[in-house]
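To start, the structure under review is shown below, and the notes come after it.
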Amino acid sequence: MADHDTSIDDNDDELYEHYSFTAEKGQQPLRIDKYLMNFIENATRNKIQTAAKNGSIYVNDTPVKQNYKVKPFDKIRVLFEHPPYEYLLTPENIPLDIVYEDDELLVVNKPAGMVVHPGHGNYSGTLINALTYHFDNLPNNSSNRPGLVHRIDKDTSGLLVVAKTEEAMTHLSKQFFDKTSEREYVALVWGNVEEDSGTVEGNIGRHPKNRLQNTVFEGDDADKGKPAVTHYKVIERLGYVTLVSCKLETGRTHQIRVHMKHIGHTLFNDERYGGEKILKGTTFNKYKQFVENCFKVLPRQALHAKTLGFEHPKTGEFLRFNTEIPEDMQLCVEKWRNYSKH
């Protein structure tokens, strides 16, 4: 499990921990530079090797070189002399699409491609860089992130609520925790979803082999991860793909992406989960060309946070916001609509 934001006081109080991992018990011997490439987003082999040369990679509290072979239960930490960049927040004048605002909170329509908060590899251009420019004194959430009550993935578009006061932060966070907020997404998924509606339940946690993915745990492992519930409803059947509405009861990382894949309907063009391959359809070249064109029109996973509802922390009124599906996704759906007719 990676812990991204602990600072530690070793013999040298100038060192900050940026990552920490414990190798699984079934870990085959693997060079540490290769091992870390699988676990750290946006890392390059070159950067990892440089970090090793500089003595920044520790295994069981001893610095190692890049050719060290990782063994089961090794404790691996990457330490640098500067704190993780997410502590260094630079306000940036990035325009925001604000759907609603009052003294307590605002609702933002986030474009696809915008990261919500700074993290490894993304230190500027994030929603938080924009928020700290436009608003003073936003309250921190439990992870020290100004204003954020919840988040959506970089390549997912749609609605987010941001707290402007401590009271709003507490009140709204509790609604998300108690599952009383309303969140509906629209997704285009591979395959014809047979049932008109259904519920996916299954604990979600980090994939034991691919740390950049999450997965549903089953069988003997069913109690691993965190409980997650997604309710889906078919909006439109388009032949080899289906447009669905997903309502979240819980909000786990990548929840819809993981749950829909789990029932055999990976999100269209979701690269991290294999949806950028042609998962359904024919072997004709013409069809292949058509799908490639759809990928070009929509160069991200087909997921949009369309509806957001919550109780206003001050007035107690239930507010509900809706947004249009963004153009890239609409164009893609339109292409499939025409294709399925013919």
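We name chains A, B, ... following the order of the structure tokens; residues begin at 1 in each chain, and ligands are numbered from 1 as shown.
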All residues 8 Å or closer to segment 124-129 of chain A, only C-alpha atoms, same chain fewer than 5 positions away omitted, as a list in words: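 Residues meeting the cut-off are Leu89, Thr90, Pro91, Glu92, Asn93, Ile94, Lys110, Met114, Val115, Val116, His117, Pro118, Arg145 and Pro146 of chain A.
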Grab the residues selected above and save them as a PDB file, in the first residue's frame with N, CA and C atoms.
```
ATOM      1  N   LEU A  89       1.657  24.140  -2.843  1.00  0.00           N
ATOM      2  CA  LEU A  89       0.533  24.490  -3.704  1.00  0.00           C
ATOM      3  C   LEU A  89       0.706  25.867  -4.319  1.00  0.00           C
ATOM      4  N   THR A  90       0.763  25.914  -5.636  1.00  0.00           N
ATOM      5  CA  THR A  90       0.895  27.199  -6.305  1.00  0.00           C
ATOM      6  C   THR A  90      -0.451  27.594  -6.887  1.00  0.00           C
ATOM      7  N   PRO A  91      -1.026  28.718  -6.434  1.00  0.00           N
ATOM      8  CA  PRO A  91      -2.276  29.170  -7.041  1.00  0.00           C
ATOM      9  C   PRO A  91      -2.050  29.479  -8.525  1.00  0.00           C
ATOM     10  N   GLU A  92      -2.969  29.057  -9.388  1.00  0.00           N
ATOM     11  CA  GLU A  92      -2.825  29.310 -10.826  1.00  0.00           C
ATOM     12  C   GLU A  92      -4.142  29.845 -11.378  1.00  0.00           C
ATOM     13  N   ASN A  93      -4.021  30.837 -12.258  1.00  0.00           N
ATOM     14  CA  ASN A  93      -5.207  31.460 -12.829  1.00  0.00           C
ATOM     15  C   ASN A  93      -5.779  30.593 -13.951  1.00  0.00           C
ATOM     16  N   ILE A  94      -6.498  29.553 -13.543  1.00  0.00           N
ATOM     17  CA  ILE A  94      -7.129  28.644 -14.505  1.00  0.00           C
ATOM     18  C   ILE A  94      -8.629  28.896 -14.412  1.00  0.00           C
ATOM     19  N   LYS A 110     -16.098  20.012 -13.791  1.00  0.00           N
ATOM     20  CA  LYS A 110     -14.687  19.787 -14.131  1.00  0.00           C
ATOM     21  C   LYS A 110     -14.558  19.205 -15.540  1.00  0.00           C
ATOM     22  N   MET A 114      -8.472  17.289 -16.455  1.00  0.00           N
ATOM     23  CA  MET A 114      -7.988  18.099 -15.328  1.00  0.00           C
ATOM     24  C   MET A 114      -7.878  17.215 -14.083  1.00  0.00           C
ATOM     25  N   VAL A 115      -6.683  17.218 -13.489  1.00  0.00           N
ATOM     26  CA  VAL A 115      -6.474  16.463 -12.258  1.00  0.00           C
ATOM     27  C   VAL A 115      -7.097  17.260 -11.111  1.00  0.00           C
ATOM     28  N   VAL A 116      -7.685  16.564 -10.125  1.00  0.00           N
ATOM     29  CA  VAL A 116      -8.352  17.277  -9.044  1.00  0.00           C
ATOM     30  C   VAL A 116      -7.363  17.877  -8.052  1.00  0.00           C
ATOM     31  N   HIS A 117      -6.374  17.090  -7.628  1.00  0.00           N
ATOM     32  CA  HIS A 117      -5.388  17.675  -6.702  1.00  0.00           C
ATOM     33  C   HIS A 117      -3.969  17.285  -7.101  1.00  0.00           C
ATOM     34  N   PRO A 118      -2.966  18.120  -6.748  1.00  0.00           N
ATOM     35  CA  PRO A 118      -1.593  17.816  -7.117  1.00  0.00           C
ATOM     36  C   PRO A 118      -1.169  16.466  -6.551  1.00  0.00           C
ATOM     37  N   ARG A 145      -6.273  18.949   1.931  1.00  0.00           N
ATOM     38  CA  ARG A 145      -6.507  19.449   0.572  1.00  0.00           C
ATOM     39  C   ARG A 145      -7.608  20.502   0.622  1.00  0.00           C
ATOM     40  N   PRO A 146      -7.284  21.749   0.252  1.00  0.00           N
ATOM     41  CA  PRO A 146      -8.220  22.860   0.406  1.00  0.00           C
ATOM     42  C   PRO A 146      -9.528  22.651  -0.360  1.00  0.00           C
TER      43      PRO A 146
END
```
Residue contacts of segment 132-144 of chain A (12 Å, only C-alpha atoms) excluding same-chain residues fewer than 4 positions away, as a PyMOL selection string: chain A and resi 3-6+86-98+101+103-106+117-118+124-128+148-151+162-174
Test item, alpha helix (DSSP H) assignment across segment 98-188 of chain A, answer as a ChimeraX atom specification: /A:127-134,166-177
Expected answer as an MDAnalysis selection string: strand (DSSP E) residues in segment 92-312 of chain A: chainID A and resid 98:101 105:110 157:163 182:190 197:201 204:206 214:216 229:238 241:248 303:311
Non-local contacts of segment 315-319 of chain A (10 Å; only C-alpha atoms; under 4 positions in same chain excluded) as a ChimeraX atom specification: /A:181-182,308-311
Since we have the selection now, will you write its residues out, keeping all heavy atoms, as a short mmCIF file (atom, residue, chain, number, x, y, z; two decimals), in the first residue's frame?
```cif
data_model
loop_
_atom_site.label_atom_id
_atom_site.label_comp_id
_atom_site.auth_asym_id
_atom_site.auth_seq_id
_atom_site.Cartn_x
_atom_site.Cartn_y
_atom_site.Cartn_z
N SER A 181 -25.68 11.82 0.08
CA SER A 181 -25.56 12.67 -1.11
C SER A 181 -26.00 11.84 -2.32
O SER A 181 -26.04 10.62 -2.27
CB SER A 181 -24.11 13.13 -1.28
OG SER A 181 -23.27 12.01 -1.44
N GLU A 182 -26.33 12.54 -3.38
CA GLU A 182 -26.79 11.84 -4.59
C GLU A 182 -25.77 12.06 -5.70
O GLU A 182 -25.40 13.20 -5.99
CB GLU A 182 -28.15 12.43 -4.99
CG GLU A 182 -28.81 11.74 -6.14
CD GLU A 182 -30.06 12.49 -6.57
OE1 GLU A 182 -30.90 12.83 -5.70
OE2 GLU A 182 -30.20 12.76 -7.77
N LEU A 308 -25.47 15.83 -9.24
CA LEU A 308 -24.95 15.88 -7.87
C LEU A 308 -26.01 16.51 -6.98
O LEU A 308 -26.53 17.58 -7.29
CB LEU A 308 -23.66 16.71 -7.84
CG LEU A 308 -22.96 16.87 -6.49
CD1 LEU A 308 -22.48 15.52 -5.96
CD2 LEU A 308 -21.78 17.82 -6.61
N GLY A 309 -26.35 15.82 -5.90
CA GLY A 309 -27.36 16.37 -4.99
C GLY A 309 -26.88 16.24 -3.55
O GLY A 309 -26.21 15.27 -3.19
N PHE A 310 -27.20 17.26 -2.73
CA PHE A 310 -26.80 17.22 -1.31
C PHE A 310 -27.63 18.25 -0.56
O PHE A 310 -28.25 19.14 -1.15
CB PHE A 310 -25.30 17.53 -1.15
CG PHE A 310 -24.86 18.78 -1.85
CD1 PHE A 310 -25.00 20.03 -1.23
CD2 PHE A 310 -24.35 18.74 -3.15
CE1 PHE A 310 -24.63 21.19 -1.88
CE2 PHE A 310 -23.98 19.90 -3.81
CZ PHE A 310 -24.12 21.12 -3.18
N GLU A 311 -27.61 18.13 0.75
CA GLU A 311 -28.33 19.09 1.59
C GLU A 311 -27.43 20.29 1.84
O GLU A 311 -26.25 20.14 2.18
CB GLU A 311 -28.65 18.38 2.91
CG GLU A 311 -29.60 19.14 3.79
CD GLU A 311 -29.86 18.39 5.09
OE1 GLU A 311 -30.61 17.39 5.06
OE2 GLU A 311 -29.28 18.78 6.13
#
```
Segment 195-206 of chain A surroundings by only C-alpha atoms, 7 Å radius, close-in-sequence under 2 positions cut, as a list in words: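 The filter keeps Val193, Pro208, Arg211, Gln213, Asn214, Thr215, Val216, Phe217, Ala222, Asp223, Lys224, Gly225, Lys226, Pro227, Ala228, Val229, Thr230, His231, Tyr232, Lys233, Val234 and His259 of chain A.
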Among listed residues A:Ile256, A:Val333, A:Leu279, A:Ala112, nearest Trp190 of chain A (using only C-alpha atoms):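 Among A:Ile256, A:Val333, A:Leu279, A:Ala112, it is A:Leu279 that comes nearest to Trp190 of chain A.
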Pairwise distance for atom CA of Val70 of chain A and atom CA of Lys47 of chain A, rounded to one decimal in Å: 18.1 Å
For segment 55-68 of chain A: contacts at 7 Å, only C-alpha atoms, fewer than 6 positions along chain excluded, given as a list of chain:residue names: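 My list of contacting residues is A:Arg31, A:Ile32, A:Asp33, A:Gln49, A:Asp74, A:Lys75, A:Ile76, A:Arg77, A:Val78, A:Leu79, A:Phe80.
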Could you please take those selected residues and save all heavy atoms as an mmCIF file, in the first residue's frame?
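This went into out.cif:
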```
data_model
loop_
_atom_site.group_PDB
_atom_site.id
_atom_site.type_symbol
_atom_site.label_atom_id
_atom_site.label_comp_id
_atom_site.auth_asym_id
_atom_site.auth_seq_id
_atom_site.Cartn_x
_atom_site.Cartn_y
_atom_site.Cartn_z
ATOM 1 N N ARG A 31 14.281 -6.742 -10.215
ATOM 2 C CA ARG A 31 15.087 -5.530 -10.005
ATOM 3 C C ARG A 31 14.219 -4.409 -9.456
ATOM 4 O O ARG A 31 13.096 -4.207 -9.914
ATOM 5 C CB ARG A 31 15.697 -5.064 -11.329
ATOM 6 C CG ARG A 31 16.936 -5.820 -11.756
ATOM 7 C CD ARG A 31 17.383 -5.308 -13.114
ATOM 8 N NE ARG A 31 17.690 -3.881 -13.079
ATOM 9 C CZ ARG A 31 18.882 -3.369 -13.405
ATOM 10 N NH1 ARG A 31 19.872 -4.154 -13.753
ATOM 11 N NH2 ARG A 31 19.068 -2.071 -13.377
ATOM 12 N N ILE A 32 14.764 -3.648 -8.517
ATOM 13 C CA ILE A 32 13.949 -2.627 -7.850
ATOM 14 C C ILE A 32 13.501 -1.528 -8.807
ATOM 15 O O ILE A 32 12.405 -0.989 -8.671
ATOM 16 C CB ILE A 32 14.667 -2.037 -6.615
ATOM 17 C CG1 ILE A 32 13.646 -1.244 -5.780
ATOM 18 C CG2 ILE A 32 15.874 -1.186 -6.994
ATOM 19 C CD1 ILE A 32 13.929 -1.217 -4.319
ATOM 20 N N ASP A 33 14.315 -1.221 -9.830
ATOM 21 C CA ASP A 33 13.871 -0.168 -10.760
ATOM 22 C C ASP A 33 12.637 -0.641 -11.532
ATOM 23 O O ASP A 33 11.689 0.104 -11.748
ATOM 24 C CB ASP A 33 14.988 0.325 -11.685
ATOM 25 C CG ASP A 33 15.739 -0.785 -12.396
ATOM 26 O OD1 ASP A 33 15.379 -1.973 -12.211
ATOM 27 O OD2 ASP A 33 16.686 -0.478 -13.133
ATOM 28 N N GLN A 49 16.364 5.202 -11.528
ATOM 29 C CA GLN A 49 17.782 4.853 -11.441
ATOM 30 C C GLN A 49 18.592 6.001 -10.841
ATOM 31 O O GLN A 49 19.497 5.781 -10.040
ATOM 32 C CB GLN A 49 18.298 4.459 -12.828
ATOM 33 C CG GLN A 49 17.675 3.148 -13.281
ATOM 34 C CD GLN A 49 18.159 2.688 -14.656
ATOM 35 O OE1 GLN A 49 18.688 3.485 -15.432
ATOM 36 N NE2 GLN A 49 17.950 1.420 -14.953
ATOM 37 N N ASP A 74 9.949 -7.305 1.629
ATOM 38 C CA ASP A 74 10.879 -6.168 1.690
ATOM 39 C C ASP A 74 10.080 -4.896 1.957
ATOM 40 O O ASP A 74 9.007 -4.695 1.372
ATOM 41 C CB ASP A 74 11.606 -5.992 0.343
ATOM 42 C CG ASP A 74 12.884 -6.816 0.277
ATOM 43 O OD1 ASP A 74 13.288 -7.376 1.325
ATOM 44 O OD2 ASP A 74 13.478 -6.888 -0.823
ATOM 45 N N LYS A 75 10.619 -4.032 2.839
ATOM 46 C CA LYS A 75 9.989 -2.729 3.071
ATOM 47 C C LYS A 75 10.760 -1.700 2.245
ATOM 48 O O LYS A 75 11.938 -1.436 2.502
ATOM 49 C CB LYS A 75 10.065 -2.369 4.564
ATOM 50 C CG LYS A 75 9.049 -3.143 5.388
ATOM 51 C CD LYS A 75 8.768 -2.456 6.711
ATOM 52 C CE LYS A 75 7.552 -2.973 7.455
ATOM 53 N NZ LYS A 75 7.121 -4.332 7.111
ATOM 54 N N ILE A 76 10.069 -1.138 1.263
ATOM 55 C CA ILE A 76 10.728 -0.248 0.306
ATOM 56 C C ILE A 76 10.237 1.168 0.548
ATOM 57 O O ILE A 76 9.035 1.404 0.639
ATOM 58 C CB ILE A 76 10.379 -0.682 -1.131
ATOM 59 C CG1 ILE A 76 10.868 -2.120 -1.357
ATOM 60 C CG2 ILE A 76 10.988 0.266 -2.154
ATOM 61 C CD1 ILE A 76 10.113 -2.845 -2.428
ATOM 62 N N ARG A 77 11.185 2.108 0.659
ATOM 63 C CA ARG A 77 10.778 3.506 0.842
ATOM 64 C C ARG A 77 11.611 4.392 -0.082
ATOM 65 O O ARG A 77 12.788 4.144 -0.303
ATOM 66 C CB ARG A 77 10.993 3.943 2.295
ATOM 67 C CG ARG A 77 10.183 3.082 3.252
ATOM 68 C CD ARG A 77 10.032 3.710 4.602
ATOM 69 N NE ARG A 77 11.308 3.978 5.240
ATOM 70 C CZ ARG A 77 11.450 4.790 6.291
ATOM 71 N NH1 ARG A 77 10.405 5.405 6.796
ATOM 72 N NH2 ARG A 77 12.628 4.980 6.831
ATOM 73 N N VAL A 78 10.962 5.401 -0.618
ATOM 74 C CA VAL A 78 11.662 6.368 -1.455
ATOM 75 C C VAL A 78 11.671 7.686 -0.681
ATOM 76 O O VAL A 78 10.620 8.224 -0.344
ATOM 77 C CB VAL A 78 10.955 6.538 -2.816
ATOM 78 C CG1 VAL A 78 11.741 7.496 -3.704
ATOM 79 C CG2 VAL A 78 10.806 5.184 -3.510
ATOM 80 N N LEU A 79 12.880 8.151 -0.365
ATOM 81 C CA LEU A 79 13.024 9.355 0.471
ATOM 82 C C LEU A 79 13.758 10.441 -0.307
ATOM 83 O O LEU A 79 14.757 10.167 -0.964
ATOM 84 C CB LEU A 79 13.854 9.012 1.726
ATOM 85 C CG LEU A 79 13.412 7.796 2.553
ATOM 86 C CD1 LEU A 79 14.413 7.526 3.664
ATOM 87 C CD2 LEU A 79 12.052 8.032 3.150
ATOM 88 N N PHE A 80 13.251 11.666 -0.208
ATOM 89 C CA PHE A 80 13.944 12.791 -0.846
ATOM 90 C C PHE A 80 14.125 13.913 0.164
ATOM 91 O O PHE A 80 13.491 13.921 1.212
ATOM 92 C CB PHE A 80 13.136 13.325 -2.037
ATOM 93 C CG PHE A 80 13.085 12.380 -3.202
ATOM 94 C CD1 PHE A 80 11.873 11.842 -3.628
ATOM 95 C CD2 PHE A 80 14.243 12.027 -3.887
ATOM 96 C CE1 PHE A 80 11.820 10.967 -4.706
ATOM 97 C CE2 PHE A 80 14.197 11.161 -4.969
ATOM 98 C CZ PHE A 80 12.993 10.631 -5.380
#
```
Option closest in space to Glu334 of chain A, from A:Tyr273, A:Pro111, A:Glu17, A:Leu238 [counting only C-alpha atoms]: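 Nearest to Glu334 of chain A: A:Leu238.
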Shortest interatomic distance to Gln28 of chain A - which of A:Ala130, A:Pro72, A:Ile325, A:Ile40, counting only C-alpha atoms: A:Pro72
